[in-house]
file structure_32.csv (CSV, C-alpha atoms (C1' of nucleotides))
chain,number,residue,atom,x,y,z
I,9,MET,CA,1.3,10.9,30.8
I,10,ARG,CA,1.7,7.2,30.6
I,11,SER,CA,-1.8,5.9,30.0
I,12,LYS,CA,-3.7,4.5,27.1
I,13,THR,CA,-1.7,1.4,27.2
I,14,GLY,CA,-1.0,0.8,30.9
I,15,ILE,CA,-2.6,2.0,34.0
I,16,SER,CA,-5.7,4.2,34.3
I,17,ASP,CA,-7.7,4.8,31.3
I,18,LYS,CA,-10.7,2.8,32.5
I,19,GLY,CA,-12.8,4.7,30.0
I,20,GLN,CA,-15.3,2.9,27.7
I,21,ASP,CA,-13.8,-0.5,27.9
I,22,LYS,CA,-13.9,-1.5,24.2
I,23,ARG,CA,-14.5,-5.0,25.4
I,24,HIS,CA,-15.7,-7.0,22.5
I,25,GLY,CA,-18.3,-8.7,24.5
I,26,GLY,CA,-19.4,-11.2,21.9
I,27,ASP,CA,-20.9,-9.3,19.0
I,28,THR,CA,-18.2,-6.8,18.0
I,29,PRO,CA,-16.2,-8.6,15.3
I,30,PRO,CA,-13.1,-9.8,17.2
I,31,GLU,CA,-10.8,-7.2,15.7
I,32,ARG,CA,-8.7,-9.0,13.1
I,33,ILE,CA,-5.0,-9.4,13.8
I,34,SER,CA,-2.7,-8.5,11.0
I,35,ASP,CA,0.2,-10.5,9.6
I,36,ALA,CA,2.8,-8.4,11.3
I,37,GLU,CA,0.9,-8.3,14.5
I,38,TYR,CA,0.7,-12.0,14.5
I,39,ALA,CA,4.5,-12.3,14.5
I,40,VAL,CA,4.5,-10.4,17.8
I,41,MET,CA,1.7,-12.5,19.2
I,42,GLU,CA,3.7,-15.6,18.4
I,43,ALA,CA,6.6,-14.4,20.4
I,44,LEU,CA,4.4,-13.7,23.4
I,45,TRP,CA,2.6,-17.0,23.1
I,46,LEU,CA,5.9,-18.8,23.3
I,47,ARG,CA,6.8,-16.9,26.5
I,48,SER,CA,5.1,-14.3,28.5
I,49,PRO,CA,5.1,-11.8,30.0
I,50,GLN,CA,7.9,-10.0,28.1
I,51,THR,CA,9.0,-6.5,27.7
I,52,ALA,CA,9.1,-4.7,24.4
I,53,ALA,CA,12.8,-5.2,24.2
I,54,GLN,CA,12.5,-8.9,24.8
I,55,VAL,CA,9.9,-9.3,22.1
I,56,CYS,CA,12.2,-7.3,19.8
I,57,GLU,CA,15.0,-9.7,20.5
I,58,THR,CA,12.9,-12.5,19.1
I,59,VAL,CA,11.2,-10.8,16.2
I,60,CYS,CA,13.4,-8.0,15.1
I,61,ALA,CA,16.0,-10.5,13.9
I,62,GLU,CA,13.7,-12.8,12.0
I,63,ARG,CA,11.7,-10.1,10.4
I,64,GLY,CA,14.2,-7.4,10.0
I,65,TRP,CA,12.3,-4.9,12.1
I,66,SER,CA,13.5,-2.1,14.4
I,67,MET,CA,12.4,-1.4,17.9
I,68,PRO,CA,9.9,1.3,17.0
I,69,THR,CA,8.1,-1.1,14.7
I,70,VAL,CA,7.7,-3.6,17.5
I,71,LYS,CA,6.5,-0.8,19.8
I,72,THR,CA,3.9,0.2,17.4
I,73,LEU,CA,2.6,-3.3,16.9
I,74,LEU,CA,2.5,-3.9,20.6
I,75,SER,CA,0.4,-0.7,21.1
I,76,ARG,CA,-2.0,-1.7,18.3
I,77,LEU,CA,-2.4,-5.1,19.9
I,78,VAL,CA,-3.1,-3.6,23.2
I,79,ALA,CA,-5.6,-1.3,21.6
I,80,LYS,CA,-7.3,-4.3,20.0
I,81,GLY,CA,-7.5,-6.0,23.3
I,82,ALA,CA,-5.3,-8.9,22.2
I,83,LEU,CA,-2.6,-8.0,24.7
I,84,ASP,CA,-2.6,-6.9,28.3
I,85,THR,CA,0.0,-4.9,30.1
I,86,GLN,CA,1.3,-4.6,33.6
I,87,PRO,CA,3.7,-2.0,34.6
I,88,ASP,CA,7.1,-3.2,35.8
I,89,GLY,CA,9.1,-0.3,37.0
I,90,ARG,CA,9.1,2.2,34.2
I,91,ARG,CA,8.3,-0.2,31.4
I,92,PHE,CA,5.5,-2.6,30.6
I,93,LEU,CA,5.2,-6.3,30.6
I,94,TYR,CA,3.0,-7.6,27.8
I,95,THR,CA,0.9,-10.7,28.1
I,96,PRO,CA,-1.5,-12.2,25.6
I,97,THR,CA,-5.2,-11.8,26.4
I,98,LEU,CA,-6.2,-13.7,23.3
I,99,ALA,CA,-5.2,-17.3,23.7
I,100,ARG,CA,-3.4,-18.8,20.8
I,101,SER,CA,-5.9,-21.6,20.5
I,102,ALA,CA,-8.7,-19.1,20.3
I,103,TYR,CA,-7.0,-17.2,17.6
I,104,VAL,CA,-6.0,-20.3,15.7
I,105,GLY,CA,-9.5,-21.6,16.0
I,106,GLY,CA,-11.0,-18.5,14.7
I,107,GLU,CA,-8.8,-18.2,11.8
I,108,SER,CA,-9.3,-21.9,10.8
I,109,LYS,CA,-13.0,-21.5,11.1
I,110,ARG,CA,-12.9,-18.4,8.9
I,111,LEU,CA,-11.0,-20.2,6.2
I,112,VAL,CA,-13.1,-23.2,6.3
I,113,GLU,CA,-16.2,-21.1,6.0
I,114,ARG,CA,-14.9,-18.8,3.3
I,115,LEU,CA,-13.4,-21.4,1.1
I,116,PHE,CA,-15.2,-24.6,1.8
I,117,GLY,CA,-18.7,-23.7,2.7
I,118,GLY,CA,-18.0,-24.4,6.4
I,119,ARG,CA,-17.3,-28.0,5.8
I,120,ALA,CA,-14.0,-29.5,6.9
I,121,ALA,CA,-14.1,-32.5,4.6
I,122,PRO,CA,-13.4,-30.5,1.4
I,123,LEU,CA,-10.5,-28.8,3.0
I,124,PHE,CA,-9.1,-32.2,3.9
I,125,ALA,CA,-9.7,-33.5,0.4
I,126,HIS,CA,-7.9,-30.5,-1.0
I,127,LEU,CA,-4.9,-31.1,1.2
I,128,ALA,CA,-4.9,-34.7,0.2
I,129,GLU,CA,-5.0,-33.9,-3.5
I,130,ASN,CA,-2.2,-31.6,-3.2
I,131,GLU,CA,0.1,-34.0,-1.5
I,132,ALA,CA,0.1,-31.6,1.4
I,133,LEU,CA,-0.2,-34.5,3.8
I,134,THR,CA,2.8,-36.3,5.0
I,135,PRO,CA,2.6,-39.9,6.0
I,136,GLU,CA,2.9,-38.8,9.6
I,137,ASP,CA,-0.1,-36.4,9.1
I,138,ILE,CA,-2.1,-39.3,7.8
I,139,SER,CA,-1.4,-41.7,10.6
I,140,GLU,CA,-1.9,-39.0,13.1
I,141,ILE,CA,-5.2,-38.1,11.6
I,142,GLU,CA,-6.2,-41.7,11.6
I,143,ARG,CA,-5.4,-41.9,15.3
I,144,LEU,CA,-7.5,-38.8,16.0
I,145,LEU,CA,-10.4,-40.2,14.0
I,146,LYS,CA,-10.3,-43.4,16.0
I,147,GLU,CA,-10.4,-41.4,19.2
I,148,LEU,CA,-13.3,-39.4,17.9
I,149,LYS,CA,-15.3,-42.4,17.1
I,150,GLN,CA,-15.3,-44.1,20.4
Q,7,MET,CA,-8.5,5.0,-25.1
Q,8,ARG,CA,-9.7,1.7,-23.8
Q,9,SER,CA,-6.6,0.0,-22.7
Q,10,LYS,CA,-5.1,-1.1,-19.4
Q,11,THR,CA,-7.7,-3.6,-18.9
Q,12,GLY,CA,-8.5,-4.8,-22.3
Q,13,ILE,CA,-6.6,-4.8,-25.6
Q,14,SER,CA,-3.2,-3.4,-26.2
Q,15,ASP,CA,-1.0,-2.3,-23.3
Q,16,LYS,CA,1.5,-5.0,-23.8
Q,17,GLY,CA,4.0,-3.0,-21.8
Q,18,GLN,CA,6.1,-4.6,-19.0
Q,19,ASP,CA,4.0,-7.7,-18.5
Q,20,LYS,CA,3.8,-7.7,-14.7
Q,21,ARG,CA,3.6,-11.5,-15.1
Q,22,HIS,CA,4.3,-13.0,-11.7
Q,23,GLY,CA,6.4,-15.7,-13.2
Q,24,GLY,CA,7.0,-17.8,-10.1
Q,25,ASP,CA,8.9,-15.7,-7.6
Q,26,THR,CA,6.8,-12.6,-7.3
Q,27,PRO,CA,4.4,-13.3,-4.4
Q,28,PRO,CA,1.1,-14.2,-6.1
Q,29,GLU,CA,-0.6,-10.8,-5.4
Q,30,ARG,CA,-3.0,-11.5,-2.6
Q,31,ILE,CA,-6.7,-11.3,-3.3
Q,32,SER,CA,-8.7,-9.3,-0.7
Q,33,ASP,CA,-11.9,-10.2,0.9
Q,34,ALA,CA,-14.0,-8.1,-1.3
Q,35,GLU,CA,-12.2,-9.2,-4.4
Q,36,TYR,CA,-12.8,-12.7,-3.4
Q,37,ALA,CA,-16.5,-12.2,-3.5
Q,38,VAL,CA,-16.2,-11.1,-7.1
Q,39,MET,CA,-14.0,-14.1,-8.0
Q,40,GLU,CA,-16.6,-16.4,-6.5
Q,41,ALA,CA,-19.2,-15.1,-8.8
Q,42,LEU,CA,-16.9,-15.7,-11.8
Q,43,TRP,CA,-15.9,-19.1,-10.6
Q,44,LEU,CA,-19.5,-20.1,-10.6
Q,45,ARG,CA,-20.1,-18.9,-14.1
Q,46,SER,CA,-17.9,-17.2,-16.7
Q,47,PRO,CA,-17.4,-15.2,-18.7
Q,48,GLN,CA,-19.6,-12.5,-17.4
Q,49,THR,CA,-20.0,-8.8,-17.9
Q,50,ALA,CA,-19.6,-6.4,-15.0
Q,51,ALA,CA,-23.4,-6.0,-14.9
Q,52,GLN,CA,-23.9,-9.7,-14.6
Q,53,VAL,CA,-21.4,-10.0,-11.8
Q,54,CYS,CA,-23.1,-7.1,-10.0
Q,55,GLU,CA,-26.4,-8.9,-10.2
Q,56,THR,CA,-24.9,-11.7,-8.2
Q,57,VAL,CA,-22.8,-9.8,-5.7
Q,58,CYS,CA,-24.4,-6.3,-5.3
Q,59,ALA,CA,-27.4,-7.8,-3.7
Q,60,GLU,CA,-25.6,-10.1,-1.3
Q,61,ARG,CA,-23.0,-7.6,-0.2
Q,62,GLY,CA,-24.9,-4.4,-0.6
Q,63,TRP,CA,-22.6,-3.0,-3.2
Q,64,SER,CA,-23.2,-0.6,-6.1
Q,65,MET,CA,-22.0,-1.0,-9.6
Q,66,PRO,CA,-19.0,1.3,-9.3
Q,67,THR,CA,-17.7,-0.8,-6.5
Q,68,VAL,CA,-17.9,-3.9,-8.6
Q,69,LYS,CA,-16.2,-2.2,-11.4
Q,70,THR,CA,-13.3,-1.2,-9.2
Q,71,LEU,CA,-12.9,-4.6,-7.9
Q,72,LEU,CA,-13.0,-6.1,-11.4
Q,73,SER,CA,-10.3,-3.6,-12.5
Q,74,ARG,CA,-8.1,-4.4,-9.5
Q,75,LEU,CA,-8.4,-8.1,-10.2
Q,76,VAL,CA,-7.5,-7.6,-13.8
Q,77,ALA,CA,-4.5,-5.6,-12.6
Q,78,LYS,CA,-3.5,-8.4,-10.3
Q,79,GLY,CA,-3.7,-10.8,-13.1
Q,80,ALA,CA,-6.5,-12.8,-11.5
Q,81,LEU,CA,-9.0,-12.0,-14.2
Q,82,ASP,CA,-8.8,-11.8,-18.0
Q,83,THR,CA,-11.0,-9.7,-20.2
Q,84,GLN,CA,-12.2,-10.1,-23.7
Q,85,PRO,CA,-14.0,-7.3,-25.5
Q,86,ASP,CA,-17.6,-8.0,-26.4
Q,87,GLY,CA,-19.0,-5.1,-28.3
Q,88,ARG,CA,-18.5,-2.1,-26.1
Q,89,ARG,CA,-18.1,-3.9,-22.9
Q,90,PHE,CA,-15.9,-6.6,-21.4
Q,91,LEU,CA,-16.3,-10.2,-20.5
Q,92,TYR,CA,-14.4,-11.2,-17.5
Q,93,THR,CA,-13.0,-14.7,-17.0
Q,94,PRO,CA,-10.9,-16.0,-14.1
Q,95,THR,CA,-7.2,-16.6,-14.9
Q,96,LEU,CA,-6.6,-17.8,-11.4
Q,97,ALA,CA,-8.3,-21.2,-11.0
Q,98,ARG,CA,-10.4,-21.5,-7.9
Q,99,SER,CA,-8.6,-24.6,-6.8
Q,100,ALA,CA,-5.2,-22.8,-7.1
Q,101,TYR,CA,-6.5,-20.0,-5.0
Q,102,VAL,CA,-8.0,-22.3,-2.4
Q,103,GLY,CA,-4.9,-24.4,-2.4
Q,104,GLY,CA,-2.7,-21.4,-1.8
Q,105,GLU,CA,-4.8,-20.0,0.9
Q,106,SER,CA,-5.0,-23.4,2.7
Q,107,LYS,CA,-1.3,-23.8,2.5
Q,108,ARG,CA,-0.8,-20.3,3.8
Q,109,LEU,CA,-2.9,-21.0,6.8
Q,110,VAL,CA,-1.5,-24.4,7.6
Q,111,GLU,CA,2.0,-22.9,7.4
Q,112,ARG,CA,1.3,-19.9,9.4
Q,113,LEU,CA,-0.6,-21.5,12.2
Q,114,PHE,CA,0.3,-25.1,12.3
Q,115,GLY,CA,3.9,-25.1,11.3
Q,116,GLY,CA,3.1,-26.5,7.9
Q,117,ARG,CA,1.6,-29.7,9.3
Q,118,ALA,CA,-2.0,-30.6,8.5
Q,119,ALA,CA,-2.5,-32.9,11.4
Q,120,PRO,CA,-2.6,-30.1,14.0
Q,121,LEU,CA,-5.2,-28.3,12.0
Q,122,PHE,CA,-7.3,-31.4,11.9
Q,123,ALA,CA,-6.8,-31.9,15.6
Q,124,HIS,CA,-8.0,-28.3,16.1
Q,125,LEU,CA,-11.1,-28.8,14.1
Q,126,ALA,CA,-11.8,-31.9,15.9
Q,127,GLU,CA,-11.4,-30.4,19.3
Q,128,ASN,CA,-13.7,-27.6,18.4
Q,129,GLU,CA,-16.5,-29.8,17.3
Q,130,ALA,CA,-16.1,-28.2,13.9
Q,131,LEU,CA,-16.5,-31.6,12.3
Q,132,THR,CA,-19.9,-32.9,11.4
Q,133,PRO,CA,-20.5,-36.7,11.4
Q,134,GLU,CA,-20.6,-36.4,7.6
Q,135,ASP,CA,-17.2,-34.7,7.6
Q,136,ILE,CA,-15.8,-37.5,9.7
Q,137,SER,CA,-17.0,-40.3,7.5
Q,138,GLU,CA,-16.1,-38.5,4.4
Q,139,ILE,CA,-12.6,-38.0,5.7
Q,140,GLU,CA,-12.4,-41.7,6.6
Q,141,ARG,CA,-13.3,-42.6,3.1
Q,142,LEU,CA,-10.6,-40.3,1.7
Q,143,LEU,CA,-8.1,-41.8,4.1
Q,144,LYS,CA,-8.9,-45.2,2.9
Q,145,GLU,CA,-8.5,-44.1,-0.6
Q,146,LEU,CA,-5.2,-42.5,0.1
Q,147,LYS,CA,-3.8,-45.6,1.8
Q,148,GLN,CA,-4.3,-48.0,-1.0
P,12,DA,C1',21.1,18.6,41.1
P,13,DC,C1',22.3,17.4,36.3
P,14,DC,C1',22.7,14.5,32.2
P,15,DT,C1',21.9,10.7,29.7
P,16,DT,C1',19.2,7.0,28.6
P,17,DA,C1',15.7,4.0,27.9
P,18,DC,C1',10.7,3.8,28.0
P,19,DG,C1',6.0,4.5,26.0
P,20,DA,C1',3.3,8.1,23.2
P,21,DT,C1',2.7,10.7,19.3
P,22,DT,C1',3.2,11.6,14.6
P,23,DA,C1',4.4,10.2,9.9
P,24,DC,C1',3.8,8.3,5.4
P,25,DG,C1',3.1,5.4,1.5
P,26,DC,C1',0.4,1.3,0.2
P,27,DT,C1',-3.8,-1.5,0.1
P,28,DT,C1',-8.8,-2.0,0.8
P,29,DG,C1',-13.6,-0.9,0.8
P,30,DT,C1',-16.7,1.9,-1.2
P,31,DA,C1',-18.0,5.0,-4.3
P,32,DA,C1',-18.8,9.5,-7.5
P,33,DT,C1',-17.4,11.5,-11.7
P,34,DC,C1',-15.4,11.7,-16.4
P,35,DT,C1',-15.0,10.4,-21.2
P,36,DG,C1',-16.1,8.3,-25.2
P,37,DA,C1',-18.4,5.1,-28.1
P,38,DA,C1',-23.1,3.0,-29.6
P,39,DC,C1',-27.7,3.2,-30.5
P,40,DA,C1',-32.2,5.5,-31.2
P,41,DC,C1',-34.2,8.5,-33.9
T,11,DG,C1',-26.3,13.7,-37.6
T,12,DT,C1',-27.2,14.5,-32.8
T,13,DG,C1',-28.4,13.5,-28.3
T,14,DT,C1',-28.8,10.1,-24.7
T,15,DT,C1',-27.0,6.2,-22.5
T,16,DC,C1',-24.1,3.0,-20.8
T,17,DA,C1',-19.4,1.0,-20.9
T,18,DG,C1',-14.9,1.3,-18.7
T,19,DA,C1',-11.3,4.8,-16.8
T,20,DT,C1',-10.0,8.0,-13.6
T,21,DT,C1',-10.2,10.1,-9.2
T,22,DA,C1',-11.6,10.2,-4.3
T,23,DC,C1',-11.2,9.3,0.3
T,24,DA,C1',-11.3,7.2,4.9
T,25,DA,C1',-9.6,3.2,7.4
T,26,DG,C1',-6.1,-0.3,8.2
T,27,DC,C1',-1.3,-1.9,7.7
T,28,DG,C1',3.9,-2.0,7.5
T,29,DT,C1',7.5,0.5,8.9
T,30,DA,C1',9.5,3.9,11.3
T,31,DA,C1',11.4,8.7,13.3
T,32,DT,C1',10.7,11.8,16.9
T,33,DC,C1',8.9,13.6,21.4
T,34,DG,C1',8.3,13.9,26.3
T,35,DT,C1',9.6,12.2,30.4
T,36,DA,C1',10.8,9.4,34.3
T,37,DA,C1',14.9,6.6,36.3
T,38,DG,C1',19.5,6.0,37.2
T,39,DG,C1',24.2,7.2,37.3
T,40,DT,C1',27.6,10.4,39.3
call {"tool": "encode", "arguments": {"input": "structure_32.csv", "output": "structure tokens"}}
result
Amino acid sequence: MRSKTGISDKGQDKRHGGDTPPERISDAEYAVMEALWLRSPQTAAQVCETVCAERGWSMPTVKTLLSRLVAKGALDTQPDGRRFLYTPTLARSAYVGGESKRLVERLFGGRAAPLFAHLAENEALTPEDISEIERLLKELKQ
Amino acid sequence: MRSKTGISDKGQDKRHGGDTPPERISDAEYAVMEALWLRSPQTAAQVCETVCAERGWSMPTVKTLLSRLVAKGALDTQPDGRRFLYTPTLARSAYVGGESKRLVERLFGGRAAPLFAHLAENEALTPEDISEIERLLKELKQ
DNA sequence: ACCTTACGATTACGCTTGTAATCTGAACAC
DNA sequence: GTGTTCAGATTACAAGCGTAATCGTAAGGT
């Protein structure tokens, strides 16, 4: 019947138009997104080439994840012959931004400074990080 | 029989002695930890006073979460009459550090600078954050 | 016209999470 | 002593996740 994921199925759009909580993306799903953020569109097989090796997954697993991501509205599909090409709908920067914000809010009361302090205390900052951040700060200030 | 959580039960210790992945703490569980990080030890009822209101939970829910946290080794109990006093085993800073590191690794290739850049781009930095971070940087450099 | 193959769809299944109701046994009030 | 009460323990159950096998079917080969 080939629907649900690809063509047709223009039923209730499940668009998360702003208030619906943006449908969290799980760890496994994130791996798939990464592959597609690096290059897109890709077929399921291509995605598998990238992730199956590094995570020890099999094709069906990738397929499932792709479907779930489509269902969540994080991926879009376009038919290409008899298969699908998958493209991210959710931009990497949006995702990353959301996750960062979540963390900062949950753990640091929404303030970035304590996060920074924490990273500093834990030697999690390389000298490059430090000078890079300095540079950014300078940029911000003028 | 009163075990599993409290006294006795010195069976296979389930200590995550370094290699076992530190047993993630879920969102709901985190709320309970927060209450105990603010003040400890506390009884289940006391914890509920704090969290039941703000999350709309009932006592049984809190009990479950407490048990799970004990099972995960994030909380410790000491008997007090016929009830238990709960105390965090996992320090807040350790948890926060772990989570921050996880995020930075997953999303920013382990480098803190891109995270910072991201926060900057998204106006997620208040002026106070900025000057605070400047101060910290100065401290780090000398 | 068939047969194989390579897709996506459907179904599966055990584990964790969120949320809670029920059970059991000890403590305290008489 | 006996009944009520209030702990923690046990059980429940639906949703989400990780991981996958299987099904139905359209494309392509021959």
call {"tool": "atom_distance", "arguments": {"input": "structure_32.csv", "atom1": "atom CA of Ala36 of chain I", "atom2": "atom CA of Val70 of chain I"}}
result
9.2 Å
call {"tool": "residues_around", "arguments": {"input": "structure_32.csv", "residues": "DT22 of chain P", "least_positions_apart": "6", "cutoff": "12 Å", "atoms": "all atoms listed in the file", "output": "VMD selection string"}}
result
(chain I and resid 72) or (chain T and resid 30 to 33)
call {"tool": "write_last_selection", "arguments": {"input": "structure_32.csv", "atoms": "C-alpha atoms (C1' of nucleotides)", "output": "PDB file, keeping the file's coordinate frame"}}
result
ATOM      1  CA  THR I  72       3.900   0.200  17.400  1.00  0.00           C
TER       2      THR I  72
ATOM      3  C1'  DA T  30       9.500   3.900  11.300  1.00  0.00           C
ATOM      4  C1'  DA T  31      11.400   8.700  13.300  1.00  0.00           C
ATOM      5  C1'  DT T  32      10.700  11.800  16.900  1.00  0.00           C
ATOM      6  C1'  DC T  33       8.900  13.600  21.400  1.00  0.00           C
TER       7       DC T  33
END
call {"tool": "interface_residues", "arguments": {"input": "structure_32.csv", "of": "chain I", "to": "chain T", "cutoff": "12 Å", "atoms": "all atoms listed in the file", "output": "short mmCIF file (atom, residue, chain, number, x, y, z; two decimals) with C-alpha atoms, keeping the file's coordinate frame"}}
result
data_model
loop_
_atom_site.label_atom_id
_atom_site.label_comp_id
_atom_site.auth_asym_id
_atom_site.auth_seq_id
_atom_site.Cartn_x
_atom_site.Cartn_y
_atom_site.Cartn_z
CA MET I 9 1.30 10.90 30.80
CA ARG I 10 1.70 7.20 30.60
CA GLU I 31 -10.80 -7.20 15.70
CA ARG I 32 -8.70 -9.00 13.10
CA ILE I 33 -5.00 -9.40 13.80
CA SER I 34 -2.70 -8.50 11.00
CA ASP I 35 0.20 -10.50 9.60
CA ALA I 36 2.80 -8.40 11.30
CA GLU I 37 0.90 -8.30 14.50
CA ARG I 63 11.70 -10.10 10.40
CA GLY I 64 14.20 -7.40 10.00
CA TRP I 65 12.30 -4.90 12.10
CA SER I 66 13.50 -2.10 14.40
CA MET I 67 12.40 -1.40 17.90
CA PRO I 68 9.90 1.30 17.00
CA THR I 69 8.10 -1.10 14.70
CA VAL I 70 7.70 -3.60 17.50
CA LYS I 71 6.50 -0.80 19.80
CA THR I 72 3.90 0.20 17.40
CA LEU I 73 2.60 -3.30 16.90
CA ARG I 76 -2.00 -1.70 18.30
CA GLY I 89 9.10 -0.30 37.00
CA ARG I 90 9.10 2.20 34.20
CA ARG I 91 8.30 -0.20 31.40
#
call {"tool": "calpha_fit_and_write", "arguments": {"input": "structure_32.csv", "fixed": "chain I", "moving": "chain Q", "output": "short mmCIF file (atom, residue, chain, number, x, y, z; two decimals) with C-alpha atoms, keeping the file's coordinate frame"}}
result
data_model
loop_
_atom_site.label_atom_id
_atom_site.label_comp_id
_atom_site.auth_asym_id
_atom_site.auth_seq_id
_atom_site.Cartn_x
_atom_site.Cartn_y
_atom_site.Cartn_z
CA MET Q 7 1.01 10.76 31.28
CA ARG Q 8 1.43 7.07 30.82
CA SER Q 9 -1.99 5.86 30.10
CA LYS Q 10 -3.80 4.37 27.13
CA THR Q 11 -1.81 1.32 27.28
CA GLY Q 12 -1.17 0.81 30.88
CA ILE Q 13 -2.91 1.99 34.05
CA SER Q 14 -5.91 4.19 34.24
CA ASP Q 15 -7.93 5.02 31.12
CA LYS Q 16 -10.93 3.11 32.20
CA GLY Q 17 -13.01 5.08 29.74
CA GLN Q 18 -15.49 3.35 27.36
CA ASP Q 19 -14.12 -0.15 27.65
CA LYS Q 20 -14.05 -1.09 23.96
CA ARG Q 21 -14.65 -4.64 25.25
CA HIS Q 22 -15.76 -6.71 22.29
CA GLY Q 23 -18.34 -8.47 24.35
CA GLY Q 24 -19.47 -11.06 21.82
CA ASP Q 25 -20.97 -9.25 18.86
CA THR Q 26 -18.27 -6.83 17.88
CA PRO Q 27 -16.17 -8.69 15.27
CA PRO Q 28 -13.08 -9.85 17.19
CA GLU Q 29 -10.72 -7.15 15.74
CA ARG Q 30 -8.62 -8.99 13.22
CA ILE Q 31 -4.94 -9.42 13.92
CA SER Q 32 -2.65 -8.57 10.96
CA ASP Q 33 0.23 -10.48 9.68
CA ALA Q 34 2.80 -8.42 11.35
CA GLU Q 35 0.91 -8.35 14.59
CA TYR Q 36 0.72 -12.03 14.46
CA ALA Q 37 4.44 -12.33 14.51
CA VAL Q 38 4.51 -10.38 17.74
CA MET Q 39 1.75 -12.54 19.28
CA GLU Q 40 3.75 -15.63 18.41
CA ALA Q 41 6.64 -14.41 20.39
CA LEU Q 42 4.37 -13.79 23.40
CA TRP Q 43 2.63 -17.08 23.02
CA LEU Q 44 5.94 -18.80 23.32
CA ARG Q 45 6.90 -16.96 26.45
CA SER Q 46 5.20 -14.27 28.54
CA PRO Q 47 5.20 -11.80 30.00
CA GLN Q 48 7.88 -10.01 28.14
CA THR Q 49 9.07 -6.47 27.75
CA ALA Q 50 9.09 -4.79 24.36
CA ALA Q 51 12.88 -5.25 24.24
CA GLN Q 52 12.58 -8.94 24.83
CA VAL Q 53 9.98 -9.34 22.14
CA CYS Q 54 12.19 -7.38 19.73
CA GLU Q 55 15.04 -9.75 20.41
CA THR Q 56 12.91 -12.55 19.10
CA VAL Q 57 11.18 -10.88 16.19
CA CYS Q 58 13.47 -8.00 15.00
CA ALA Q 59 16.03 -10.44 13.85
CA GLU Q 60 13.70 -12.80 12.03
CA ARG Q 61 11.66 -10.13 10.33
CA GLY Q 62 14.21 -7.41 9.99
CA TRP Q 63 12.34 -4.98 12.15
CA SER Q 64 13.54 -2.15 14.41
CA MET Q 65 12.40 -1.45 17.88
CA PRO Q 66 9.94 1.30 16.99
CA THR Q 67 8.14 -1.07 14.75
CA VAL Q 68 7.74 -3.56 17.52
CA LYS Q 69 6.54 -0.93 19.81
CA THR Q 70 3.84 0.12 17.39
CA LEU Q 71 2.69 -3.32 16.92
CA LEU Q 72 2.59 -3.94 20.68
CA SER Q 73 0.52 -0.74 21.11
CA ARG Q 74 -1.90 -1.73 18.34
CA LEU Q 75 -2.37 -5.14 19.90
CA VAL Q 76 -3.02 -3.62 23.26
CA ALA Q 77 -5.57 -1.37 21.57
CA LYS Q 78 -7.22 -4.35 19.98
CA GLY Q 79 -7.44 -6.01 23.27
CA ALA Q 80 -5.18 -8.88 22.24
CA LEU Q 81 -2.48 -8.02 24.72
CA ASP Q 82 -2.50 -6.90 28.36
CA THR Q 83 0.17 -4.86 30.04
CA GLN Q 84 1.37 -4.68 33.56
CA PRO Q 85 3.78 -1.99 34.68
CA ASP Q 86 7.18 -3.21 35.78
CA GLY Q 87 9.23 -0.31 36.97
CA ARG Q 88 9.30 2.12 34.11
CA ARG Q 89 8.42 -0.25 31.42
CA PHE Q 90 5.65 -2.69 30.56
CA LEU Q 91 5.25 -6.40 30.54
CA TYR Q 92 3.08 -7.65 27.83
CA THR Q 93 0.95 -10.78 28.15
CA PRO Q 94 -1.47 -12.25 25.60
CA THR Q 95 -5.19 -11.84 26.45
CA LEU Q 96 -6.15 -13.67 23.33
CA ALA Q 97 -5.22 -17.35 23.77
CA ARG Q 98 -3.34 -18.81 20.87
CA SER Q 99 -5.79 -21.62 20.50
CA ALA Q 100 -8.72 -19.12 20.31
CA TYR Q 101 -6.93 -17.23 17.63
CA VAL Q 102 -6.04 -20.34 15.67
CA GLY Q 103 -9.51 -21.67 16.11
CA GLY Q 104 -11.04 -18.50 14.78
CA GLU Q 105 -8.78 -18.25 11.87
CA SER Q 106 -9.37 -21.94 10.92
CA LYS Q 107 -13.06 -21.48 11.15
CA ARG Q 108 -12.85 -18.36 9.05
CA LEU Q 109 -11.05 -20.18 6.34
CA VAL Q 110 -13.17 -23.29 6.34
CA GLU Q 111 -16.26 -21.07 6.12
CA ARG Q 112 -15.01 -18.85 3.48
CA LEU Q 113 -13.59 -21.43 1.17
CA PHE Q 114 -15.23 -24.67 1.91
CA GLY Q 115 -18.71 -23.67 2.81
CA GLY Q 116 -18.11 -24.37 6.46
CA ARG Q 117 -17.38 -28.05 5.88
CA ALA Q 118 -14.02 -29.49 6.94
CA ALA Q 119 -14.12 -32.46 4.67
CA PRO Q 120 -13.52 -30.43 1.49
CA LEU Q 121 -10.53 -28.81 3.05
CA PHE Q 122 -9.13 -32.18 3.92
CA ALA Q 123 -9.85 -33.41 0.43
CA HIS Q 124 -7.93 -30.38 -0.88
CA LEU Q 125 -4.94 -31.04 1.23
CA ALA Q 126 -4.98 -34.56 0.23
CA GLU Q 127 -5.16 -33.84 -3.43
CA ASN Q 128 -2.29 -31.47 -3.18
CA GLU Q 129 0.01 -33.90 -1.54
CA ALA Q 130 0.07 -31.50 1.38
CA LEU Q 131 -0.20 -34.43 3.74
CA THR Q 132 2.87 -36.18 4.98
CA PRO Q 133 2.65 -39.91 5.89
CA GLU Q 134 2.94 -38.76 9.52
CA ASP Q 135 -0.02 -36.42 9.05
CA ILE Q 136 -2.05 -39.27 7.65
CA SER Q 137 -1.40 -41.66 10.47
CA GLU Q 138 -1.79 -39.04 13.04
CA ILE Q 139 -5.15 -38.12 11.60
CA GLU Q 140 -6.16 -41.79 11.59
CA ARG Q 141 -5.35 -42.02 15.22
CA LEU Q 142 -7.45 -38.93 15.99
CA LEU Q 143 -10.29 -40.38 13.97
CA LYS Q 144 -10.19 -43.50 15.95
CA GLU Q 145 -10.23 -41.55 19.09
CA LEU Q 146 -13.14 -39.49 17.97
CA LYS Q 147 -15.22 -42.53 17.02
CA GLN Q 148 -15.15 -44.25 20.32
#
